[in-house]
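See structure below.
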Amino acid sequence: MTAQLIDGNLLSQQLRADVARRAAALTAKGKQPGLAVILVGADPASQVYVRNKVKACEDNGLYSLLEKYEETLTEAELLARIDALNNDPKINGILVQMPLPKHIDPHKVIEAISPRKDVDGYSVLSAGELLTGLPGFRPCTPYGCMKLIESTGTSLKGKHAVVIGRSNTVGKPMALLLLQANATVTICHSGTTDIGHHTRQADVVVVATGRRNTLTADMIKPGAIVIDVGINRDDNGKLCGDVDFANAKEVAGHITPVPGGVGPMTITMLLVNTVEAAEREL
Ligand code: NAP
């Protein structure tokens, strides 16, 4: 293997130690940081995600409140719960696990969360703060990707970064964070004619499509940093990303594995945002 592995588990451990220290300092002042996690319905993947988020809070000294509701919960009932949590002094961050049942408008729900508690960074205000370079909550997955890139010790100034994927939660905020770090940024998507043409010139490639083998070894500039956000299953049911890891690692300079790369960082940055939300309230 040529590439150095970027270990998301190790970096997460380091960042979570800092979260735990900050949480303990807040708790000593009677202000333990608290995260409310709301799950509507019984989607099995969502159940795992919320369990992991609650466990990460408990492991690092944050208060967590898990609220599970039946699929039949109405939009009005959910909005009323968010309103109550907005006014609950024990809660600094509110996370509503997506996807929501079809009868609930996710935009309405996200916008109902107080901007002071939008630790997922999904609201229009948080997106605007990112766009304009104002301080605010950054969406956890791209924020974690930035930390992974930083951990390689590479300065992004003057580098060419390509993001594949343009979702509001990953691709677009990722591109804005890279831009803020002075990279020159290209965004590719399903309408891009020749993605390899762009990625072969890239010093950094972040792939977030949810499609296996979106990035193959022949599309990578030797020595590039490759960050794989995707979560897929291969033909044997094994977890894999969007990058052809086995071959890409022979060309890239640094690469994240799946699992053990971006995944743990997403929860870690949620903890970071929640502690920051609590610190802002001091
Ligand atoms: P999404 O909302 O489905 O967006 C996927 C994006 O990829 C879209 O912009 C789409 O383009 C683009 N795309 C799809 N197929 C493509 C192709 N063949 N070539 C180029 N672009 C293509 O997904 P998402 O929420 O951003 O998530 C992406 C992946 O990351 C998923 O596998 C998801 O499970 C994973 N994820 C992981 C974490 C983590 O913590 N590890 C967190 C979030 C997401 P168009 O806009 O043109 O349709």
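Within each chain, counting starts at residue 1; across the structure tokens, chains are named A, B, ... in the order shown, with ligands numbered 1 upward in that order.
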
* Near Gly61 (chain A), counting only C-alpha atoms, which residues have an atom at most 10 Å away, once you skip same-chain residues fewer than 2 positions from it, shown as a count of residues only? -> 17

Determine, using only C-alpha atoms and all ligand atoms, which residues of chain A have any atom at most 6 Å from an atom of ligand 1, and tabulate each with its shortest atom pair and distance in Å to one decimal place, rows ordered by chain and then rising number, as JSON lines.
{"residue": "A:Thr141", "atom": "CA", "partner": "ligand 1", "partner_atom_place_in_ligand_line": "42 (C)", "distance": 5.4}
{"residue": "A:Ile164", "atom": "CA", "partner": "ligand 1", "partner_atom_place_in_ligand_line": "21 (N)", "distance": 5.6}
{"residue": "A:Gly165", "atom": "CA", "partner": "ligand 1", "partner_atom_place_in_ligand_line": "7 (O)", "distance": 3.6}
{"residue": "A:Arg166", "atom": "CA", "partner": "ligand 1", "partner_atom_place_in_ligand_line": "9 (O)", "distance": 3.6}
{"residue": "A:Ser167", "atom": "CA", "partner": "ligand 1", "partner_atom_place_in_ligand_line": "26 (O)", "distance": 4.5}
{"residue": "A:Val170", "atom": "CA", "partner": "ligand 1", "partner_atom_place_in_ligand_line": "26 (O)", "distance": 4.7}
{"residue": "A:Gly171", "atom": "CA", "partner": "ligand 1", "partner_atom_place_in_ligand_line": "26 (O)", "distance": 5.8}
{"residue": "A:His189", "atom": "CA", "partner": "ligand 1", "partner_atom_place_in_ligand_line": "21 (N)", "distance": 3.5}
{"residue": "A:Ser190", "atom": "CA", "partner": "ligand 1", "partner_atom_place_in_ligand_line": "47 (O)", "distance": 3.8}
{"residue": "A:Gly191", "atom": "CA", "partner": "ligand 1", "partner_atom_place_in_ligand_line": "47 (O)", "distance": 5.5}
{"residue": "A:Ala208", "atom": "CA", "partner": "ligand 1", "partner_atom_place_in_ligand_line": "28 (C)", "distance": 4.1}
{"residue": "A:Thr209", "atom": "CA", "partner": "ligand 1", "partner_atom_place_in_ligand_line": "7 (O)", "distance": 3.3}
{"residue": "A:Gly210", "atom": "CA", "partner": "ligand 1", "partner_atom_place_in_ligand_line": "32 (O)", "distance": 3.1}
{"residue": "A:Arg211", "atom": "CA", "partner": "ligand 1", "partner_atom_place_in_ligand_line": "15 (N)", "distance": 5.8}
{"residue": "A:Thr214", "atom": "CA", "partner": "ligand 1", "partner_atom_place_in_ligand_line": "18 (N)", "distance": 6.0}
{"residue": "A:Val229", "atom": "CA", "partner": "ligand 1", "partner_atom_place_in_ligand_line": "30 (O)", "distance": 4.7}
{"residue": "A:Gly230", "atom": "CA", "partner": "ligand 1", "partner_atom_place_in_ligand_line": "32 (O)", "distance": 3.6}
{"residue": "A:Ile231", "atom": "CA", "partner": "ligand 1", "partner_atom_place_in_ligand_line": "32 (O)", "distance": 4.0}
{"residue": "A:Asn232", "atom": "CA", "partner": "ligand 1", "partner_atom_place_in_ligand_line": "32 (O)", "distance": 5.9}
{"residue": "A:Val262", "atom": "CA", "partner": "ligand 1", "partner_atom_place_in_ligand_line": "41 (N)", "distance": 4.8}
{"residue": "A:Gly263", "atom": "CA", "partner": "ligand 1", "partner_atom_place_in_ligand_line": "41 (N)", "distance": 3.7}
{"residue": "A:Thr266", "atom": "CA", "partner": "ligand 1", "partner_atom_place_in_ligand_line": "40 (O)", "distance": 4.8}

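Between Asn92 (chain A) and the residues A:Glu75, A:Glu279, A:Glu129, A:Asp18, the shortest atom-to-atom distance, using only C-alpha atoms, involves A:Glu279.
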
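Minimum atom-to-atom distance to Thr154 (chain A), evaluated using only C-alpha atoms, belongs to A:Ala181 out of A:Leu11, A:Ala181, A:Pro259, A:Leu125.
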
* Give the strand (DSSP E or B) residues of region 22-241 of chain A, as DSSP finds them on the backbone, and put them as a PyMOL selection string. => chain A and resi 34-40+63-69+93-96+160-164+184-188+204-207+215+225-228+232-233+239-240

* Structure fact -> The residue from A:Leu39, A:Cys188, A:Ile227, A:Leu177 with the smallest atom-to-atom distance to Gln4 (chain A), counting only C-alpha atoms, is A:Ile227

* Structure fact -> From the list A:Leu62, A:Ile104, A:Ala25, A:Ala246, the nearest residue to Ala76 (chain A) using only C-alpha atoms is A:Ile104

* **Residue nearest Leu156 (chain A) among A:Asn182, A:Asn52, A:Asn60, A:Ser114 (counting only C-alpha atoms)** => A:Asn182

* **Residue nearest His103 (chain A) - candidates A:Ser155, A:Asn87, A:Glu71, A:Asp244, atoms counted: only C-alpha atoms** => A:Glu71

* All residues 12 Å or closer to Ala45 (chain A), only C-alpha atoms, same chain fewer than 3 positions away omitted, as a VMD selection string -> chain A and resid 39 41 to 42 48 to 52 97 to 99 231

* Running DSSP on the backbone, which parts of region 39-116 of chain A land in helix (DSSP H, G or I), as a VMD selection string? -> chain A and resid 44 to 59 75 to 86 106 to 112 115 to 116

* Residues within 12 Å of Asp203 (chain A), only C-alpha atoms, excluding chain neighbours under 4 positions, as a PyMOL selection string -> chain A and resi 149+154-163+178+183-186+198-199+219-227+252-255

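Excluding Pro139 (chain A) itself and any same-chain residue fewer than 4 positions from it, the protein and nucleic acid residues within 7 Å of it, counting only C-alpha atoms, are A:Asp120, A:Gly121, A:Tyr122, A:Tyr143, A:Thr169.
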